[in-house]
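Have a look at the structure below before the remarks.
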Amino acid sequence: MTSHDLIRKPAFVRWGIAVDRLPAGAWIALQALALLPAWTWMARRLADGADDPLGLLALAALTALACLHRKALRASPALVWLAAGTGLTLAATLAHGTLPPLLASLLAVLAGAATLLAFLPRQVAAVPVLLLAVLALPLLSSLQFYAGYPLRVLTAEASHWLLAPFFTVWREGSTLLVDGRLVIVDAPCSGVQMAWLGYFTASATALWARLADRTVLARLPIVGLTVLAGNVLRNTLLVAAEGAGWPLPAWGHELLGLAVLGTVCAAIAWQMQRPAAPPLSFGVRHAHAA
């Protein structure tokens with residue numbers, strides 16, 4: 001018998017391992033079937049062009065996570081997460097037709113994430129998994145509708161203060177008057193898409209770096225601040241070019257936007273995966289004997 005034969009598991013052992021993982025896949029499949037109305041609504045919303053398809057990227061990340069850990073799925077699921085997934089599934093089923101579809105779908109994706117966490121290894125952080133589940137929703141158009149204008153006003157006001165030393169600037173709502181030239185901070189400048197990509201980058205980086213939930217929660221606020229700073233910088237540069245009488249062409253807008261977006265996502269990834277600072281020590285100085 002060769003060493004290879006000793007290392008290689010017999011066929012019945014490999015088959016037993018596959019069967020051992022079957023309950024996890026069966027449970028998740030049954031839950032997905034129970035939540036079919038939510039998936040149908042999400043697919044229709046994407047198909048009719050009512051929302052950007054970025055949520056598919058989050059779904060792909062969750063699928064890749066499950067495939068990556070498929071051989072390490074727990075045979076005995078975490079009961080707390082399993083109970084949460086079951087309860088959220090029931091809530092999503094009851095919410096169908098009574099609550100707005102987006103809220104019912106939110107319950108559905110959280111139910112799926114909770115059940116997935118019940119079977120994933122313990123070292124996988126829960127916060128980025130739950131965040132990816134929320135990002136999988138077709139919610140960008142809703143965020144643009146409810147939060148777009150306040151974000152545009154905030155961006156315009158910040159740009160106003162940054163441009164004031166160089167131009168005569170007045171702001172009215174989300175509109176800036178720069179040296180007599182009217183510049184509108186429109187919907188694409190609200191930063192909603194940049195925020196989505198920023199939080200997606202943070203979630204994916206946290207899972208890749210195997211961060212603990214406490215570390216992820218402590219570093220999430222920097223994501224919003226980085227996105228806000230990047231969006232203000234992009235808008236300020238565009239408005240400054242308009243105010244100076246050198247408006248950028250359409251491809252220049254796109255190029256500048258992509259450059260700032262790449263910088264923001266790189267900064268977020270670095271902030272998320274950087275090593276934790278060692279705790280401060282206030283030790284007592286000991287006297288050494290001569």
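If you're wondering about the labels, chains in the structure tokens are A, B, ... by order shown, residues count from 1 in each chain, ligands from 1 in order shown.
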- Task: Name the residues in contact with A:Ala212 at a cut-off of 9 Å, using only C-alpha atoms, excluding same-chain residues fewer than 6 positions from it; report them as a list of chain:residue names.
- Result: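 Skipping anything fewer than 6 positions along the chain leaves A:Gln123, A:Val124, A:Ala125, A:Ala126, A:Val127, A:Ala206.
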- Message: List the spatial neighbours of A:Leu182 as a list in words - criterion: any atom at most 12 Å away, only C-alpha atoms, same-chain residues fewer than 5 positions off excluded.
- Response: Thr168, Val169, Trp170, Arg171, Glu172, Ser174, Thr175, Leu176, Leu177, Val239, Ala240, Glu242, Gly243, Ala244 and Gly245 of chain A
Which residues of stretch 54-129 of chain A come within 10 Å of stretch 140-147 of chain A, and for each one, what is the closest pair of atoms and their distance in Å to one decimal, counting only C-alpha atoms, sorted by chain and residue number, as CSV?
residue,atom,partner,partner_atom,distance
A:Leu54,CA,A:Leu140,CA,8.6
A:Gly55,CA,A:Leu140,CA,9.0
A:Leu102,CA,A:Ser142,CA,9.0
Just-selected residues, C-alpha atoms written as a compact mmCIF listing (two decimals), in the first residue's frame:
# COMPACT_ATOMS: atom_id res chain seq x y z
CA LEU A 54 -25.26 46.20 -8.15
CA GLY A 55 -27.12 43.90 -5.76
CA LEU A 102 -38.75 46.40 -0.14
- Message: Show me, as a PyMOL selection string, the residues that have an atom within 10 Å of A:Leu46 when counting only C-alpha atoms, minus same-chain residues fewer than 5 positions from it.
- Response: chain A and resi 41+51-56+137-138
- Task: For stretch 214-222 of chain A, work out the shell of residues within 9 Å, counting only C-alpha atoms and skipping chain neighbours fewer than 6 positions away, then give it as a list of chain:residue names.
- Result: A:Ala125, A:Val127, A:Pro128, A:Tyr199, A:Ala202, A:Ser203, A:Ala206, A:Ile268, A:Gln271, A:Met272, A:Ala276
Residues from last step as file, N, CA and C atoms, as a tab-separated table (two decimals), in the first residue's frame:
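Generated output (selection_33.tsv):
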chain	number	residue	atom	x	y	z
A	125	ALA	N	-17.21	36.33	10.49
A	125	ALA	CA	-17.90	37.43	11.16
A	125	ALA	C	-19.32	37.58	10.63
A	127	VAL	N	-21.33	40.45	10.97
A	127	VAL	CA	-21.68	41.80	10.51
A	127	VAL	C	-21.50	41.96	9.00
A	128	PRO	N	-20.34	41.58	8.41
A	128	PRO	CA	-20.22	41.74	6.95
A	128	PRO	C	-21.18	40.86	6.16
A	199	TYR	N	-19.39	50.42	1.15
A	199	TYR	CA	-19.76	49.41	2.15
A	199	TYR	C	-19.58	47.99	1.62
A	202	ALA	N	-15.94	47.35	2.15
A	202	ALA	CA	-15.67	47.12	3.57
A	202	ALA	C	-16.08	45.70	3.98
A	203	SER	N	-17.23	45.25	3.52
A	203	SER	CA	-17.71	43.91	3.88
A	203	SER	C	-16.81	42.83	3.29
A	206	ALA	N	-13.45	42.79	5.05
A	206	ALA	CA	-13.55	42.23	6.41
A	206	ALA	C	-13.60	40.71	6.37
A	268	ILE	N	-10.77	52.59	1.88
A	268	ILE	CA	-11.64	51.81	2.77
A	268	ILE	C	-11.07	50.42	2.99
A	271	GLN	N	-8.18	50.71	5.39
A	271	GLN	CA	-8.64	50.97	6.76
A	271	GLN	C	-9.22	49.71	7.40
A	272	MET	N	-9.92	48.91	6.62
A	272	MET	CA	-10.56	47.72	7.17
A	272	MET	C	-9.55	46.63	7.51
A	276	ALA	N	-4.63	45.93	13.93
A	276	ALA	CA	-5.14	46.67	15.07
A	276	ALA	C	-3.99	47.25	15.87
- Which residue out of A:Phe167, A:Trp196, A:Trp39, A:Trp270 has the minimum interatomic distance to A:Ala241 when only C-alpha atoms are used? A:Phe167
- For atom CA of A:Val183 and atom CA of A:Ala250, quote the distance in Å rounded to one decimal. 15.2 Å
- Item | Contact residues around A:Leu116 with only C-alpha atoms at 8 Å, ignoring same-chain residues under 4 positions, as a count of residues only | 4
- Task: Would you list, as a PyMOL selection string, the residues of stretch 38-248 of chain A that end up in helix (DSSP H, G or I) under DSSP run on this structure's backbone?
- Result: chain A and resi 38-47+55-68+70-72+79-95+101-119+126-135+140-163+187-190+192-208+213-243
- For atom CA of A:Ser190 and atom CA of A:Ala61, the interatomic separation in Å (one decimal):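 Separation of atom CA of A:Ser190 and atom CA of A:Ala61: 25.5 Å.
Our summary of the geometry notes that atom CA of A:Lys71 is positioned 18.9 Å from atom CA of A:Ala114.
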- Nearby residues (only C-alpha atoms) at most 9 Å from A:Cys189, same-chain spacing under 6 positions excluded, as a list in words: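 Once the nearby chain positions are removed, what remains is Gly148, Leu151, Arg152, Thr155, Asn231, Val232, Arg234 and Asn235 of chain A.
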- Query: Could you pull out the strand (DSSP E or B) residues of stretch 128-184 of chain A from DSSP and send them as a list of chain:residue names?
  - Reply: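 Reading the DSSP output for stretch 128-184 of chain A, strand (DSSP E or B) covers A:Val169, A:Trp170, A:Arg171, A:Glu172, A:Thr175, A:Leu176, A:Leu177, A:Val178, A:Arg181, A:Leu182, A:Val183, A:Ile184.
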- Message: For A:Leu110, find every residue with an atom within 7 Å (counting only C-alpha atoms), except residues of its own chain fewer than 3 positions away, and show them as a ChimeraX atom specification.
- Response: /A:106-107,113-114,130,133
- Between A:Ala156, A:Ala83, A:Val223, A:Ala92, which is the closest to A:Ala34 once you count only C-alpha atoms?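 Looking only at the distances to A:Ala34, the closest residue turns out to be A:Ala92.
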